[in-house]
$ cat coords-v6.cif   # mmCIF, C-alpha atoms
data_data
loop_
_atom_site.label_atom_id
_atom_site.label_comp_id
_atom_site.auth_asym_id
_atom_site.auth_seq_id
_atom_site.Cartn_x
_atom_site.Cartn_y
_atom_site.Cartn_z
CA MET M 1003 22.96 -22.72 7.22
CA THR M 1004 19.38 -23.68 6.47
CA GLU M 1005 17.36 -22.78 3.37
CA THR M 1006 14.74 -20.10 3.92
CA GLN M 1007 11.24 -21.28 3.08
CA PRO M 1008 8.78 -19.04 1.19
CA GLU M 1009 5.85 -20.06 3.36
CA ALA M 1010 7.53 -18.41 6.35
CA ALA M 1011 6.35 -15.00 5.07
CA ALA M 1012 2.95 -13.64 4.10
CA ALA M 1013 2.32 -15.64 0.97
CA ASP M 1014 0.17 -13.41 -1.20
CA HIS M 1015 0.79 -9.77 -0.27
CA VAL M 1016 3.79 -7.66 -1.34
CA ARG M 1017 4.64 -4.32 0.28
CA ILE M 1018 5.87 -1.73 -2.19
CA TYR M 1019 7.89 0.96 -0.42
CA GLU M 1020 8.00 3.99 -2.73
CA VAL M 1021 11.26 5.97 -2.65
CA GLY M 1022 10.74 8.29 -5.61
CA PRO M 1023 10.17 11.55 -3.71
CA ARG M 1024 13.36 11.09 -1.67
CA ASP M 1025 15.84 8.75 -3.34
CA GLY M 1026 14.45 9.42 -6.80
CA LEU M 1027 14.86 13.18 -6.59
CA GLN M 1028 17.84 13.74 -4.27
CA ASN M 1029 20.44 13.68 -7.05
CA GLU M 1030 18.59 16.01 -9.43
CA ALA M 1031 20.52 19.22 -10.03
CA ARG M 1032 17.65 21.37 -11.26
CA PRO M 1033 15.47 22.65 -8.38
CA ILE M 1034 12.00 21.11 -8.28
CA PRO M 1035 9.27 23.39 -6.90
CA LEU M 1036 7.64 22.44 -3.63
CA GLU M 1037 4.22 22.40 -5.30
CA THR M 1038 5.47 19.82 -7.81
CA LYS M 1039 6.76 17.58 -5.05
CA LEU M 1040 3.48 17.81 -3.16
CA ARG M 1041 1.49 16.93 -6.29
CA TYR M 1042 3.82 13.99 -6.92
CA LEU M 1043 3.22 12.71 -3.39
CA GLU M 1044 -0.52 13.10 -3.92
CA LEU M 1045 -0.44 11.07 -7.15
CA LEU M 1046 1.54 8.31 -5.45
CA ALA M 1047 -1.03 8.04 -2.67
CA ASP M 1048 -3.81 8.11 -5.29
CA ALA M 1049 -2.13 5.08 -6.90
CA GLY M 1050 -2.58 3.06 -3.73
CA LEU M 1051 0.96 3.27 -2.40
CA ARG M 1052 0.86 3.16 1.38
CA GLU M 1053 4.54 3.70 2.23
CA ILE M 1054 6.08 6.73 0.54
CA GLU M 1055 9.49 8.00 1.62
CA ALA M 1056 8.83 11.71 1.41
CA THR M 1057 12.13 13.55 1.92
CA SER M 1058 15.35 13.74 3.94
CA PHE M 1059 16.37 15.83 6.95
CA VAL M 1060 20.03 15.90 6.04
CA ALA M 1061 21.87 19.22 5.98
CA PRO M 1062 20.49 21.34 3.10
CA ARG M 1063 24.00 21.94 1.76
CA ALA M 1064 24.53 18.17 1.44
CA ILE M 1065 21.36 17.52 -0.59
CA PRO M 1066 20.15 20.90 -1.94
CA GLN M 1067 17.23 19.29 -3.77
CA LEU M 1068 15.68 18.28 -0.43
CA ALA M 1069 16.44 21.51 1.43
CA ASP M 1070 12.69 22.18 1.61
CA ALA M 1071 12.04 19.13 3.83
CA ASP M 1072 10.60 21.19 6.69
CA GLU M 1073 8.19 23.06 4.43
CA LEU M 1074 7.21 19.92 2.54
CA MET M 1075 6.29 17.92 5.64
CA ALA M 1076 4.39 20.88 7.08
CA ALA M 1077 2.34 21.24 3.88
CA LEU M 1078 1.86 17.55 3.12
CA PRO M 1079 -1.74 16.37 3.68
CA ARG M 1080 -1.42 13.15 5.69
CA ARG M 1081 -3.78 10.47 4.46
CA PRO M 1082 -5.12 7.82 6.83
CA GLY M 1083 -3.33 4.54 6.27
CA VAL M 1084 -0.36 6.09 4.44
CA ARG M 1085 3.08 6.19 6.06
CA TYR M 1086 5.49 8.96 5.02
CA PRO M 1087 8.94 8.05 6.39
CA VAL M 1088 11.81 10.54 6.15
CA LEU M 1089 15.55 10.01 6.20
CA VAL M 1090 17.21 11.23 9.41
CA PRO M 1091 21.02 11.21 9.75
CA ASN M 1092 21.59 12.57 13.26
CA LEU M 1093 20.02 14.25 16.29
CA ARG M 1094 19.86 17.60 14.55
CA GLY M 1095 17.83 16.03 11.76
CA MET M 1096 15.75 14.25 14.38
CA GLY M 1097 14.88 17.56 15.97
CA ARG M 1098 13.74 18.93 12.62
CA ALA M 1099 11.68 15.79 12.02
CA GLU M 1100 9.95 16.15 15.39
CA ALA M 1101 9.11 19.77 14.66
CA ALA M 1102 7.68 18.78 11.28
CA GLY M 1103 5.29 16.23 12.75
CA VAL M 1104 6.99 13.15 11.36
CA ASP M 1105 6.07 9.71 12.73
CA ALA M 1106 8.34 7.35 10.76
CA ILE M 1107 12.06 7.57 10.00
CA ALA M 1108 14.86 5.78 8.21
CA VAL M 1109 18.57 5.83 8.98
CA PHE M 1110 21.28 4.83 6.53
CA THR M 1111 24.60 3.08 6.77
CA ALA M 1112 26.41 0.47 4.67
CA ALA M 1113 28.42 -2.71 4.86
CA SER M 1114 31.53 -0.93 3.56
CA ASP M 1115 33.56 1.64 5.49
CA ALA M 1116 34.82 3.18 2.26
CA PHE M 1117 31.28 3.91 1.15
CA THR M 1118 30.02 5.29 4.46
CA GLN M 1119 33.05 7.57 4.73
CA ARG M 1120 32.26 9.11 1.34
CA ASN M 1121 28.52 9.14 1.94
CA ILE M 1122 28.22 10.41 5.52
CA GLY M 1123 31.81 11.00 6.63
CA MET M 1124 31.90 8.12 9.14
CA THR M 1125 32.92 4.52 9.40
CA VAL M 1126 30.14 1.96 9.73
CA ALA M 1127 30.82 1.66 13.46
CA GLU M 1128 30.71 5.44 13.90
CA SER M 1129 27.43 5.62 12.00
CA LEU M 1130 25.86 3.06 14.32
CA GLN M 1131 26.97 5.12 17.32
CA ALA M 1132 25.42 8.23 15.75
CA PHE M 1133 22.13 6.46 15.04
CA ALA M 1134 21.73 5.01 18.54
CA PRO M 1135 20.30 8.17 20.17
CA VAL M 1136 18.22 8.96 17.08
CA LEU M 1137 16.59 5.53 17.12
CA ALA M 1138 16.18 5.63 20.88
CA ARG M 1139 14.37 8.96 20.68
CA ALA M 1140 12.16 7.73 17.84
CA GLY M 1141 11.32 4.68 19.94
CA GLU M 1142 10.31 6.89 22.85
CA LEU M 1143 7.95 8.73 20.51
CA GLY M 1144 6.48 5.49 19.19
CA TRP M 1145 7.69 6.10 15.64
CA TRP M 1146 8.25 3.37 13.05
CA ARG M 1147 11.98 2.92 12.36
CA ARG M 1148 13.76 1.55 9.30
CA ALA M 1149 17.48 1.18 8.53
CA TYR M 1150 19.28 0.88 5.20
CA VAL M 1151 22.39 -1.23 4.73
CA SER M 1152 23.87 -0.03 1.44
CA THR M 1153 26.51 -1.85 -0.64
CA ALA M 1154 24.99 -5.20 0.33
CA PHE M 1155 26.38 -6.89 -2.79
CA GLY M 1156 29.27 -4.67 -3.82
CA CYS M 1157 31.06 -1.42 -3.03
CA PRO M 1158 32.06 1.02 -5.79
CA TYR M 1159 35.35 1.69 -4.00
CA THR M 1160 36.48 -1.67 -2.59
CA GLY M 1161 34.68 -4.27 -4.72
CA ALA M 1162 33.05 -7.42 -3.37
CA VAL M 1163 31.38 -7.29 0.04
CA ASP M 1164 31.34 -10.24 2.44
CA PRO M 1165 27.69 -11.22 3.08
CA ALA M 1166 28.62 -12.05 6.67
CA ARG M 1167 29.52 -8.39 7.14
CA VAL M 1168 26.19 -7.30 5.67
CA VAL M 1169 24.30 -9.53 8.10
CA GLU M 1170 26.43 -8.32 11.02
CA VAL M 1171 25.46 -4.71 10.32
CA GLY M 1172 21.82 -5.73 9.97
CA ARG M 1173 21.89 -7.44 13.36
CA ASP M 1174 23.54 -4.41 14.95
CA LEU M 1175 20.72 -2.24 13.64
CA LEU M 1176 18.07 -4.59 15.00
CA GLU M 1177 19.72 -4.33 18.39
CA LEU M 1178 19.37 -0.55 18.12
CA GLY M 1179 15.62 -1.00 17.81
CA VAL M 1180 14.77 -0.72 14.11
CA ASP M 1181 11.59 -2.35 12.89
CA GLU M 1182 12.94 -3.19 9.46
CA VAL M 1183 16.32 -3.64 7.78
CA CYS M 1184 16.57 -2.85 4.07
CA PHE M 1185 19.53 -4.35 2.22
CA GLY M 1186 20.52 -2.16 -0.72
CA ASP M 1187 22.19 -3.16 -3.96
CA THR M 1188 23.64 0.33 -4.32
CA ILE M 1189 25.48 -0.22 -7.60
CA GLY M 1190 23.23 -2.88 -9.14
CA VAL M 1191 25.63 -5.82 -9.15
CA GLY M 1192 23.63 -8.41 -7.19
CA VAL M 1193 22.38 -11.56 -8.87
CA PRO M 1194 19.74 -14.10 -7.77
CA PRO M 1195 22.02 -16.62 -6.03
CA GLN M 1196 23.52 -13.84 -3.90
CA VAL M 1197 20.07 -12.62 -2.90
CA ARG M 1198 18.98 -16.09 -1.83
CA ASP M 1199 22.23 -16.61 0.06
CA LEU M 1200 22.07 -13.26 1.89
CA THR M 1201 18.45 -13.86 2.85
CA ALA M 1202 19.22 -17.29 4.28
CA ARG M 1203 22.20 -15.94 6.23
CA ALA M 1204 20.12 -13.07 7.61
CA VAL M 1205 17.32 -15.38 8.75
CA ASP M 1206 19.82 -17.73 10.37
CA ALA M 1207 21.21 -14.70 12.24
CA GLY M 1208 17.80 -13.79 13.64
CA LEU M 1209 16.33 -11.36 11.11
CA THR M 1210 12.85 -12.66 10.34
CA LEU M 1211 11.57 -12.47 6.79
CA GLU M 1212 8.98 -9.89 7.81
CA ARG M 1213 11.72 -7.51 8.94
CA ILE M 1214 13.83 -7.73 5.78
CA ALA M 1215 13.36 -5.50 2.74
CA TYR M 1216 15.40 -5.13 -0.45
CA HIS M 1217 16.36 -2.03 -2.40
CA PHE M 1218 17.55 -2.93 -5.90
CA HIS M 1219 19.07 -0.58 -8.43
CA ASP M 1220 18.57 -1.54 -12.07
CA THR M 1221 22.04 -0.42 -13.14
CA ARG M 1222 22.78 -3.62 -15.02
CA GLY M 1223 19.22 -4.72 -15.73
CA THR M 1224 18.99 -7.31 -12.95
CA ALA M 1225 16.50 -5.66 -10.58
CA LEU M 1226 13.44 -7.74 -11.46
CA ALA M 1227 15.49 -10.93 -11.50
CA THR M 1228 16.69 -10.22 -7.97
CA VAL M 1229 13.14 -9.37 -6.87
CA ALA M 1230 11.99 -12.76 -8.17
CA ALA M 1231 14.84 -14.47 -6.33
CA ALA M 1232 13.97 -12.69 -3.09
CA MET M 1233 10.30 -13.60 -3.45
CA SER M 1234 11.23 -17.23 -4.01
CA VAL M 1235 12.71 -17.34 -0.50
CA GLY M 1236 9.90 -15.47 1.20
CA ILE M 1237 10.74 -11.77 1.03
CA ARG M 1238 7.68 -9.59 0.52
CA THR M 1239 8.92 -5.99 0.86
CA PHE M 1240 10.63 -4.12 -1.98
CA ASP M 1241 11.66 -0.53 -2.59
CA ALA M 1242 10.86 1.05 -5.93
CA SER M 1243 10.82 4.47 -7.55
CA THR M 1244 8.21 5.65 -10.04
CA GLY M 1245 9.85 6.32 -13.37
CA GLY M 1246 12.98 4.47 -12.23
CA THR M 1247 14.39 7.76 -10.96
CA GLY M 1248 17.31 7.91 -8.58
CA GLY M 1249 20.89 6.90 -8.27
CA CYS M 1250 23.39 7.41 -5.51
CA PRO M 1251 25.66 10.48 -5.82
CA TYR M 1252 28.39 8.57 -3.96
CA ALA M 1253 28.25 5.49 -6.22
CA PRO M 1254 29.75 6.29 -9.65
CA GLY M 1255 27.69 4.80 -12.46
CA ALA M 1256 24.74 3.87 -10.25
CA ALA M 1257 21.72 4.18 -12.52
CA GLY M 1258 18.17 4.53 -11.31
CA ASN M 1259 16.16 2.43 -8.92
CA LEU M 1260 13.87 -0.42 -9.79
CA ALA M 1261 10.88 1.26 -11.42
CA THR M 1262 7.63 1.01 -9.48
CA GLU M 1263 5.66 0.47 -12.69
CA ASP M 1264 7.90 -2.45 -13.72
CA LEU M 1265 7.50 -4.04 -10.29
CA VAL M 1266 3.71 -3.55 -10.26
CA PHE M 1267 3.38 -5.12 -13.72
CA LEU M 1268 5.36 -8.17 -12.61
CA LEU M 1269 3.33 -8.60 -9.42
CA ASP M 1270 0.06 -8.22 -11.34
CA ALA M 1271 1.15 -10.87 -13.84
CA ILE M 1272 2.17 -13.26 -11.07
CA GLY M 1273 -1.09 -12.65 -9.23
CA LEU M 1274 0.32 -11.31 -5.97
CA ASP M 1275 -1.70 -8.72 -4.06
CA HIS M 1276 -0.08 -5.31 -3.51
CA GLY M 1277 -2.90 -2.77 -3.61
CA VAL M 1278 -1.37 -0.47 -6.23
CA SER M 1279 -2.91 0.62 -9.54
CA LEU M 1280 -0.54 0.29 -12.49
CA ASP M 1281 -2.38 2.94 -14.54
CA ALA M 1282 -2.20 5.40 -11.64
CA VAL M 1283 1.50 4.65 -11.04
CA LEU M 1284 2.15 5.36 -14.72
CA GLU M 1285 0.35 8.68 -14.31
CA ALA M 1286 2.65 9.57 -11.41
CA ALA M 1287 5.71 8.39 -13.35
CA ARG M 1288 4.82 10.52 -16.35
CA PHE M 1289 4.16 13.50 -14.11
CA ILE M 1290 7.58 13.38 -12.49
CA ALA M 1291 9.32 12.65 -15.81
CA ASP M 1292 7.71 15.76 -17.28
CA ALA M 1293 8.73 17.77 -14.21
CA LEU M 1294 12.32 16.61 -14.71
CA GLY M 1295 12.18 17.50 -18.39
CA ARG M 1296 12.87 14.08 -19.83
CA PRO M 1297 10.91 11.22 -21.37
CA LEU M 1298 9.74 8.28 -19.30
CA ALA M 1299 12.33 5.63 -20.13
CA THR M 1300 11.26 2.62 -18.05
CA LYS M 1301 10.17 -0.58 -19.77
CA VAL M 1302 6.51 -0.48 -18.69
CA GLY M 1303 6.54 3.30 -18.92
CA GLN M 1304 7.21 2.98 -22.64
CA ALA M 1305 5.17 -0.11 -23.43
CA GLY M 1306 2.32 0.25 -20.94
CA GLY M 1307 0.66 -2.61 -19.15
CA TRP M 1308 -1.02 -5.49 -20.93
CA ASP M 1309 -4.52 -6.92 -20.82
CA PRO M 1310 -4.30 -10.67 -21.57
CA ARG M 1311 -8.04 -10.78 -22.35
CA THR M 1312 -7.72 -8.35 -25.26
CA GLY M 1313 -4.04 -8.62 -26.11
CA ARG M 1314 -3.77 -4.84 -25.93
CA ALA M 1315 -1.47 -2.49 -24.08
CA THR M 1316 -3.01 -0.51 -21.21
CA GLY M 1317 -2.21 2.67 -19.33
CA ARG M 1318 -0.23 4.32 -22.08
CA GLY M 1319 -1.78 7.71 -21.44
#

$ encode --input "coords-v6.cif" --output "C-alpha cells"
Amino acid sequence: MTETQPEAAAADHVRIYEVGPRDGLQNEARPIPLETKLRYLELLADAGLREIEATSFVAPRAIPQLADADELMAALPRRPGVRYPVLVPNLRGMGRAEAAGVDAIAVFTAASDAFTQRNIGMTVAESLQAFAPVLARAGELGWWRRAYVSTAFGCPYTGAVDPARVVEVGRDLLELGVDEVCFGDTIGVGVPPQVRDLTARAVDAGLTLERIAYHFHDTRGTALATVAAAMSVGIRTFDASTGGTGGCPYAPGAAGNLATEDLVFLLDAIGLDHGVSLDAVLEAARFIADALGRPLATKVGQAGGWDPRTGRATGRG
C-alpha cells in the first residue's frame, strides 16, 4: 500500500459540506417550524456555504422532524451556485424528490450490518441493492449523487470495523455511479492514524482524493484532529454542522457533528481557502441554537473568532 500524497488534491481550497439542516435537526424531538428551517437555510447560504444538505425524503414516521421535506423544498429559494442535496432512501423517496424539484441526492449505508439493520432495516448488501435503481434514476436525470458509509471507524453494536470492509463498500458505491463517497465516523472514535490509513487504502482501491469526503462526529473531542490528519494526506472535503448540532438516533452516545464554526476557524488560521464567513456562520449557529432553546455550546461559538492583528475576539454577537 502506498502513502497518499497531499499534492494529489487541490492544495488550497477546502469544500465545507453543511449538514445542519438535515443531520443537525433530524434527531430533535421538538417540532421546528418550516419558516425557521427556511430562515436557517438562508443564513447558511448568506455565510458563503455552497453545499447545504437541506432535508431527507425518508418516511415521515421514521424522522418526524423532517416530515415537511416536500413543503420545504418547494418553498426554498434556490440560489445560483448553491447545491441543496437531500437524503433519499428508496424509490418512493426518489419520486418525492423528483416532484420537489431536487437536483442532488445522498444515499446512506454503513460498513456494519448491525448498524444498517437498526438504521434502515437492511443488511449492507441489501441497502446497495435498494440504492441501485435510485442512483440509476438520478443519473438519468443528471443529478449529483453522494453516498455515506457510516461506522467507518467503529460500530456501536459490534465494535471495531475492518478498514478493508469500509473501502469495499465505498468501491461498491462508486460502481453504482455516485460522484462522491463520504466516510462517516458515526460514534466519534476515529483517530488520526486510522484516517490516514483508511484514506491510503481507499486511494489504492481506486477512490481518488477528489471523490472522498469525511464526516466526523466530535463525540470524544477528536473531530478537528481527524480533519487535520485527513488534510495532511490530501482530503479537501469535510462535513460540518453549524452549532455542532446532530447525532445519530441509532448510535447510542453519539454527540453532535463537527461544528462548522470550529472548522472555519481552523481553516482560516491555517490559511486555506473555503469561501465561508466565520462571523456569518456564527450568526447562523446562534439562530438555530435559539430556535432549539439552548445555548450555543461549541468552542468557537463561545469564544468567538480571533483577530491576530488586535489580539481580540471577533464575531461574538

$ resolve_selection --input "coords-v6.cif" --expression "the PyMOL selection byres ((chain M and resi 1109) around 9)" --output "list in words"
Val1088, Leu1089, Val1090, Pro1091, Asn1092, Ile1107, Ala1108, Phe1110, Thr1111, Phe1133, Val1136, Leu1137, Arg1147, Arg1148, Ala1149 and Tyr1150 of chain M

$ closest_residue --input "coords-v6.cif" --among "M:Asp1264, M:Glu1142, M:Asp1270, M:Asp1164" --to "M:Leu1284" --atoms "only C-alpha atoms"
M:Asp1264

$ resolve_selection --input "coords-v6.cif" --expression "the PyMOL selection byres ((chain M and resi 1151) around 12)" --output "ChimeraX atom specification"
/M:1108-1115,1117-1118,1126,1129-1130,1148-1150,1152-1157,1163,1165,1167-1176,1182-1188,1214-1218

$ write_last_selection --input "coords-v6.cif" --atoms "C-alpha atoms" --output "PDB file, in the frame of the given file"
ATOM      1  CA  ALA M1108      14.860   5.780   8.210  1.00  0.00           C
ATOM      2  CA  VAL M1109      18.570   5.830   8.980  1.00  0.00           C
ATOM      3  CA  PHE M1110      21.280   4.830   6.530  1.00  0.00           C
ATOM      4  CA  THR M1111      24.600   3.080   6.770  1.00  0.00           C
ATOM      5  CA  ALA M1112      26.410   0.470   4.670  1.00  0.00           C
ATOM      6  CA  ALA M1113      28.420  -2.710   4.860  1.00  0.00           C
ATOM      7  CA  SER M1114      31.530  -0.930   3.560  1.00  0.00           C
ATOM      8  CA  ASP M1115      33.560   1.640   5.490  1.00  0.00           C
ATOM      9  CA  PHE M1117      31.280   3.910   1.150  1.00  0.00           C
ATOM     10  CA  THR M1118      30.020   5.290   4.460  1.00  0.00           C
ATOM     11  CA  VAL M1126      30.140   1.960   9.730  1.00  0.00           C
ATOM     12  CA  SER M1129      27.430   5.620  12.000  1.00  0.00           C
ATOM     13  CA  LEU M1130      25.860   3.060  14.320  1.00  0.00           C
ATOM     14  CA  ARG M1148      13.760   1.550   9.300  1.00  0.00           C
ATOM     15  CA  ALA M1149      17.480   1.180   8.530  1.00  0.00           C
ATOM     16  CA  TYR M1150      19.280   0.880   5.200  1.00  0.00           C
ATOM     17  CA  SER M1152      23.870  -0.030   1.440  1.00  0.00           C
ATOM     18  CA  THR M1153      26.510  -1.850  -0.640  1.00  0.00           C
ATOM     19  CA  ALA M1154      24.990  -5.200   0.330  1.00  0.00           C
ATOM     20  CA  PHE M1155      26.380  -6.890  -2.790  1.00  0.00           C
ATOM     21  CA  GLY M1156      29.270  -4.670  -3.820  1.00  0.00           C
ATOM     22  CA  CYS M1157      31.060  -1.420  -3.030  1.00  0.00           C
ATOM     23  CA  VAL M1163      31.380  -7.290   0.040  1.00  0.00           C
ATOM     24  CA  PRO M1165      27.690 -11.220   3.080  1.00  0.00           C
ATOM     25  CA  ARG M1167      29.520  -8.390   7.140  1.00  0.00           C
ATOM     26  CA  VAL M1168      26.190  -7.300   5.670  1.00  0.00           C
ATOM     27  CA  VAL M1169      24.300  -9.530   8.100  1.00  0.00           C
ATOM     28  CA  GLU M1170      26.430  -8.320  11.020  1.00  0.00           C
ATOM     29  CA  VAL M1171      25.460  -4.710  10.320  1.00  0.00           C
ATOM     30  CA  GLY M1172      21.820  -5.730   9.970  1.00  0.00           C
ATOM     31  CA  ARG M1173      21.890  -7.440  13.360  1.00  0.00           C
ATOM     32  CA  ASP M1174      23.540  -4.410  14.950  1.00  0.00           C
ATOM     33  CA  LEU M1175      20.720  -2.240  13.640  1.00  0.00           C
ATOM     34  CA  LEU M1176      18.070  -4.590  15.000  1.00  0.00           C
ATOM     35  CA  GLU M1182      12.940  -3.190   9.460  1.00  0.00           C
ATOM     36  CA  VAL M1183      16.320  -3.640   7.780  1.00  0.00           C
ATOM     37  CA  CYS M1184      16.570  -2.850   4.070  1.00  0.00           C
ATOM     38  CA  PHE M1185      19.530  -4.350   2.220  1.00  0.00           C
ATOM     39  CA  GLY M1186      20.520  -2.160  -0.720  1.00  0.00           C
ATOM     40  CA  ASP M1187      22.190  -3.160  -3.960  1.00  0.00           C
ATOM     41  CA  THR M1188      23.640   0.330  -4.320  1.00  0.00           C
ATOM     42  CA  ILE M1214      13.830  -7.730   5.780  1.00  0.00           C
ATOM     43  CA  ALA M1215      13.360  -5.500   2.740  1.00  0.00           C
ATOM     44  CA  TYR M1216      15.400  -5.130  -0.450  1.00  0.00           C
ATOM     45  CA  HIS M1217      16.360  -2.030  -2.400  1.00  0.00           C
ATOM     46  CA  PHE M1218      17.550  -2.930  -5.900  1.00  0.00           C
TER      47      PHE M1218
END

$ resolve_selection --input "coords-v6.cif" --expression "the PyMOL selection byres ((chain M and resi 1238) around 7)" --output "MDAnalysis selection string"
chainID M and resid 1015:1017 1233 1236:1237 1239:1240

$ write_last_selection --input "coords-v6.cif" --atoms "C-alpha atoms" --output "PDB file, in the frame of the given file"
ATOM      1  CA  HIS M1015       0.790  -9.770  -0.270  1.00  0.00           C
ATOM      2  CA  VAL M1016       3.790  -7.660  -1.340  1.00  0.00           C
ATOM      3  CA  ARG M1017       4.640  -4.320   0.280  1.00  0.00           C
ATOM      4  CA  MET M1233      10.300 -13.600  -3.450  1.00  0.00           C
ATOM      5  CA  GLY M1236       9.900 -15.470   1.200  1.00  0.00           C
ATOM      6  CA  ILE M1237      10.740 -11.770   1.030  1.00  0.00           C
ATOM      7  CA  THR M1239       8.920  -5.990   0.860  1.00  0.00           C
ATOM      8  CA  PHE M1240      10.630  -4.120  -1.980  1.00  0.00           C
TER       9      PHE M1240
END

$ residues_around --input "coords-v6.cif" --residues "M:His1276" --least-positions-apart "4" --cutoff "12 Å" --atoms "only C-alpha atoms" --output "ChimeraX atom specification"
/M:1012-1019,1049-1053,1238-1240,1262,1265-1272,1280

$ atom_distance --input "coords-v6.cif" --atom1 "atom CA of M:Gly1273" --atom2 "atom CA of M:Leu1200"
25.7 Å

$ closest_residue --input "coords-v6.cif" --among "M:Arg1314, M:Gly1245, M:Val1180, M:Pro1082" --to "M:Glu1285" --atoms "all atoms listed in the file"
M:Gly1245

$ residues_around --input "coords-v6.cif" --residues "M:Gly1307" --least-positions-apart "2" --cutoff "8 Å" --atoms "all atoms listed in the file" --output "PyMOL selection string"
chain M and resi 1267+1280-1281+1302+1305+1309+1315-1318

$ write_last_selection --input "coords-v6.cif" --atoms "C-alpha atoms" --output "PDB file, in the coordinates of the input"
ATOM      1  CA  PHE M1267       3.380  -5.120 -13.720  1.00  0.00           C
ATOM      2  CA  LEU M1280      -0.540   0.290 -12.490  1.00  0.00           C
ATOM      3  CA  ASP M1281      -2.380   2.940 -14.540  1.00  0.00           C
ATOM      4  CA  VAL M1302       6.510  -0.480 -18.690  1.00  0.00           C
ATOM      5  CA  ALA M1305       5.170  -0.110 -23.430  1.00  0.00           C
ATOM      6  CA  ASP M1309      -4.520  -6.920 -20.820  1.00  0.00           C
ATOM      7  CA  ALA M1315      -1.470  -2.490 -24.080  1.00  0.00           C
ATOM      8  CA  THR M1316      -3.010  -0.510 -21.210  1.00  0.00           C
ATOM      9  CA  GLY M1317      -2.210   2.670 -19.330  1.00  0.00           C
ATOM     10  CA  ARG M1318      -0.230   4.320 -22.080  1.00  0.00           C
TER      11      ARG M1318
END

$ atom_distance --input "coords-v6.cif" --atom1 "atom CA of M:Gly1313" --atom2 "atom CA of M:Ala1261"
23.2 Å

$ atom_distance --input "coords-v6.cif" --atom1 "atom CA of M:Ile1189" --atom2 "atom CA of M:Pro1158"
6.9 Å

$ residues_around --input "coords-v6.cif" --residues "M:Ala1282" --least-positions-apart "4" --cutoff "8 Å" --atoms "all atoms listed in the file" --output "MDAnalysis selection string"
chainID M and resid 1045:1046 1048:1049 1286

$ closest_residue --input "coords-v6.cif" --among "M:Met1075, M:Thr1312, M:Pro1066, M:Met1124" --to "M:Glu1030" --atoms "all atoms listed in the file"
M:Pro1066

$ closest_residue --input "coords-v6.cif" --among "M:Leu1093, M:Arg1311, M:Arg1120, M:Pro1194" --to "M:Ala1225" --atoms "only C-alpha atoms"
M:Pro1194

$ closest_residue --input "coords-v6.cif" --among "M:Ala1069, M:Leu1226, M:Glu1177, M:Tyr1042" --to "M:Leu1294" --atoms "all atoms listed in the file"
M:Tyr1042

$ closest_residue --input "coords-v6.cif" --among "M:Val1193, M:Ala1071, M:Ala1207, M:Ala1162" --to "M:Ala1230" --atoms "all atoms listed in the file"
M:Val1193

$ axis_aligned_box --input "coords-v6.cif" --around "stretch 1128-1132 of chain M" --padding-each-side "8 Å" --output "lines of an AutoDock Vina configuration file"
center_x = 28.1
center_y = 5.6
center_z = 14.7
size_x = 21.3
size_y = 21.2
size_z = 21.3

$ closest_atom_pairs --input "coords-v6.cif" --of "stretch 1165-1249 of chain M" --to "stretch 1023-1028 of chain M" --cutoff "8 Å" --atoms "all atoms listed in the file" --output "Markdown table"
| residue | atom | partner | partner_atom | distance |
| --- | --- | --- | --- | --- |
| M:Ser1243 | CA | M:Gly1026 | CA | 6.2 |
| M:Thr1244 | CA | M:Gly1026 | CA | 8.0 |
| M:Gly1246 | CA | M:Gly1026 | CA | 7.5 |
| M:Thr1247 | CA | M:Gly1026 | CA | 4.5 |
| M:Gly1248 | CA | M:Gly1026 | CA | 3.7 |
| M:Gly1249 | CA | M:Gly1026 | CA | 7.1 |

$ residues_around --input "coords-v6.cif" --residues "M:Leu1036" --least-positions-apart "5" --cutoff "10 Å" --atoms "all atoms listed in the file" --output "list in words"
Arg1041, Tyr1042, Leu1068, Asp1070, Ala1071, Glu1073, Leu1074 and Ala1077 of chain M
